[in-house]
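Worksheet: one structure, shown below.
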Amino acid sequence: MIYVDADACPVKAEVERVATRHKVMAVMVSNGGLRPSANPYVSHEIVPDGPDIADMWIAERAGKGDVVITSDIPLAAKCVEAGAQVLKHNGEALTAANIGNVLATRDLMYDLRAADPFRQGGGKAFSKTDRSRFLEALERELRKAAK
């Protein structure tokens, strides 16, 4: 099973394509506003509005053999702990070996932004290279999850 934190996910179409090729169910979890797919390998779970409701829904279900697509680091940490394979939208794998450092960096950046409210900018734009890296990583993670 593939779980997608879908509200701001730039790779939903790629997930759908790979899920279909591997004949694996993909669940797009959001607060609404997504156009449902007619694809039999894709379902949509609409959760109530509220902070982290979609994250909690995914975290309660993801486990060994599942792949989770998210850029939400606390959600990723919960899913890694449950045994799921986790990918960010740019193809970066979040694992037991690196999730602690990623969480610490996220917290540090949050503190830096809070200390300087005039700090501008954020991450870099999502690129074709990120999309390609994601597709390769999803293929790899699905093969690994199938074992």
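Each chain in the structure tokens gets a letter, A, B, ..., in the order shown, and its residues are numbered from 1; ligands are numbered from 1 in order too.
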
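In the backbone-derived DSSP annotation, strand (DSSP E) within segment 31-93 of chain A comprises Val42, Ser43, His44, Glu45, Ile46, Val67, Val68, Ile69, Gln85, Val86, Leu87 and Ala93 of chain A.
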
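Using only C-alpha atoms for every distance, the candidate list A:Thr70, A:Thr20, A:Ser127, A:Ser132 yields A:Thr70 as the residue closest to Ala84 of chain A.
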
Hey, which bits of segment 53-97 of chain A sit within 12 Å of segment 31-44 of chain A, and for each residue what's the closest pair of atoms and how far apart in Å (one decimal), counting only C-alpha atoms, rows by chain and increasing number, as CSV?
```
residue,atom,partner,partner_atom,distance
A:Ile53,CA,A:Asn31,CA,8.2
A:Ala54,CA,A:Asn31,CA,7.0
A:Asp55,CA,A:Asn31,CA,10.6
A:Trp57,CA,A:Asn31,CA,11.1
```

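Across A:Ala8, A:Met28, A:Val47, A:Val15, the tightest approach to Leu135 of chain A is made by A:Val15 when counting only C-alpha atoms.
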
According to DSSP computed on the backbone, where in chain A is there alpha helix (DSSP H)? Give the residues as a PyMOL selection string. chain A and resi 12-22+53-61+73-81+99-115+128-146

With C-alpha atoms retained, could you export that selection as a compact mmCIF listing (two decimals), in the first residue's frame?
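This went into again18.txt:
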```txt
# COMPACT_ATOMS: atom_id res chain seq x y z
CA LYS A 12 0.36 12.55 -7.12
CA ALA A 13 0.29 11.74 -10.85
CA GLU A 14 3.62 9.93 -10.58
CA VAL A 15 2.40 7.90 -7.62
CA GLU A 16 -0.71 6.92 -9.56
CA ARG A 17 1.33 5.83 -12.58
CA VAL A 18 3.78 3.73 -10.53
CA ALA A 19 1.01 2.21 -8.37
CA THR A 20 -0.83 1.13 -11.51
CA ARG A 21 2.29 -0.40 -13.03
CA HIS A 22 3.00 -2.36 -9.83
CA ILE A 53 -5.67 15.06 10.95
CA ALA A 54 -4.41 13.63 7.65
CA ASP A 55 -1.06 12.89 9.27
CA MET A 56 -2.71 11.03 12.15
CA TRP A 57 -4.84 9.01 9.73
CA ILE A 58 -1.76 7.89 7.81
CA ALA A 59 0.33 7.25 10.93
CA GLU A 60 -2.38 5.00 12.41
CA ARG A 61 -2.34 2.77 9.31
CA ILE A 73 8.92 15.24 9.04
CA PRO A 74 7.02 14.35 12.26
CA LEU A 75 4.67 12.13 10.20
CA ALA A 76 7.68 10.57 8.50
CA ALA A 77 9.24 9.80 11.90
CA LYS A 78 6.08 8.01 13.08
CA CYS A 79 5.87 5.99 9.87
CA VAL A 80 9.56 5.02 9.96
CA GLU A 81 9.08 3.90 13.56
CA ILE A 99 15.22 10.57 10.63
CA GLY A 100 16.73 11.81 13.92
CA ASN A 101 19.03 14.25 12.10
CA VAL A 102 16.22 15.36 9.79
CA LEU A 103 13.94 16.04 12.78
CA ALA A 104 16.70 17.99 14.56
CA THR A 105 17.38 20.08 11.45
CA ARG A 106 13.66 20.78 11.04
CA ASP A 107 13.42 21.95 14.65
CA LEU A 108 16.52 24.13 14.29
CA MET A 109 15.16 25.78 11.14
CA TYR A 110 11.81 26.37 12.86
CA ASP A 111 13.60 28.11 15.74
CA LEU A 112 15.69 30.23 13.35
CA ARG A 113 12.58 31.34 11.45
CA ALA A 114 10.79 32.15 14.71
CA ALA A 115 13.76 34.25 15.89
CA LYS A 128 12.21 18.12 -13.08
CA THR A 129 15.26 16.53 -11.47
CA ASP A 130 13.34 16.18 -8.18
CA ARG A 131 10.45 14.54 -10.04
CA SER A 132 12.79 12.11 -11.79
CA ARG A 133 14.61 11.32 -8.54
CA PHE A 134 11.24 10.69 -6.88
CA LEU A 135 10.15 8.24 -9.60
CA GLU A 136 13.39 6.25 -9.28
CA ALA A 137 13.12 6.21 -5.49
CA LEU A 138 9.46 5.10 -5.52
CA GLU A 139 10.29 2.22 -7.87
CA ARG A 140 13.13 1.19 -5.55
CA GLU A 141 11.01 1.44 -2.38
CA LEU A 142 8.12 -0.56 -3.87
CA ARG A 143 10.51 -3.36 -4.83
CA LYS A 144 12.01 -3.26 -1.34
CA ALA A 145 8.55 -3.24 0.33
CA ALA A 146 7.45 -6.24 -1.73
```

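One finds atom CA of Gly65 of chain A at 26.9 Å from atom CA of Pro51 of chain A.
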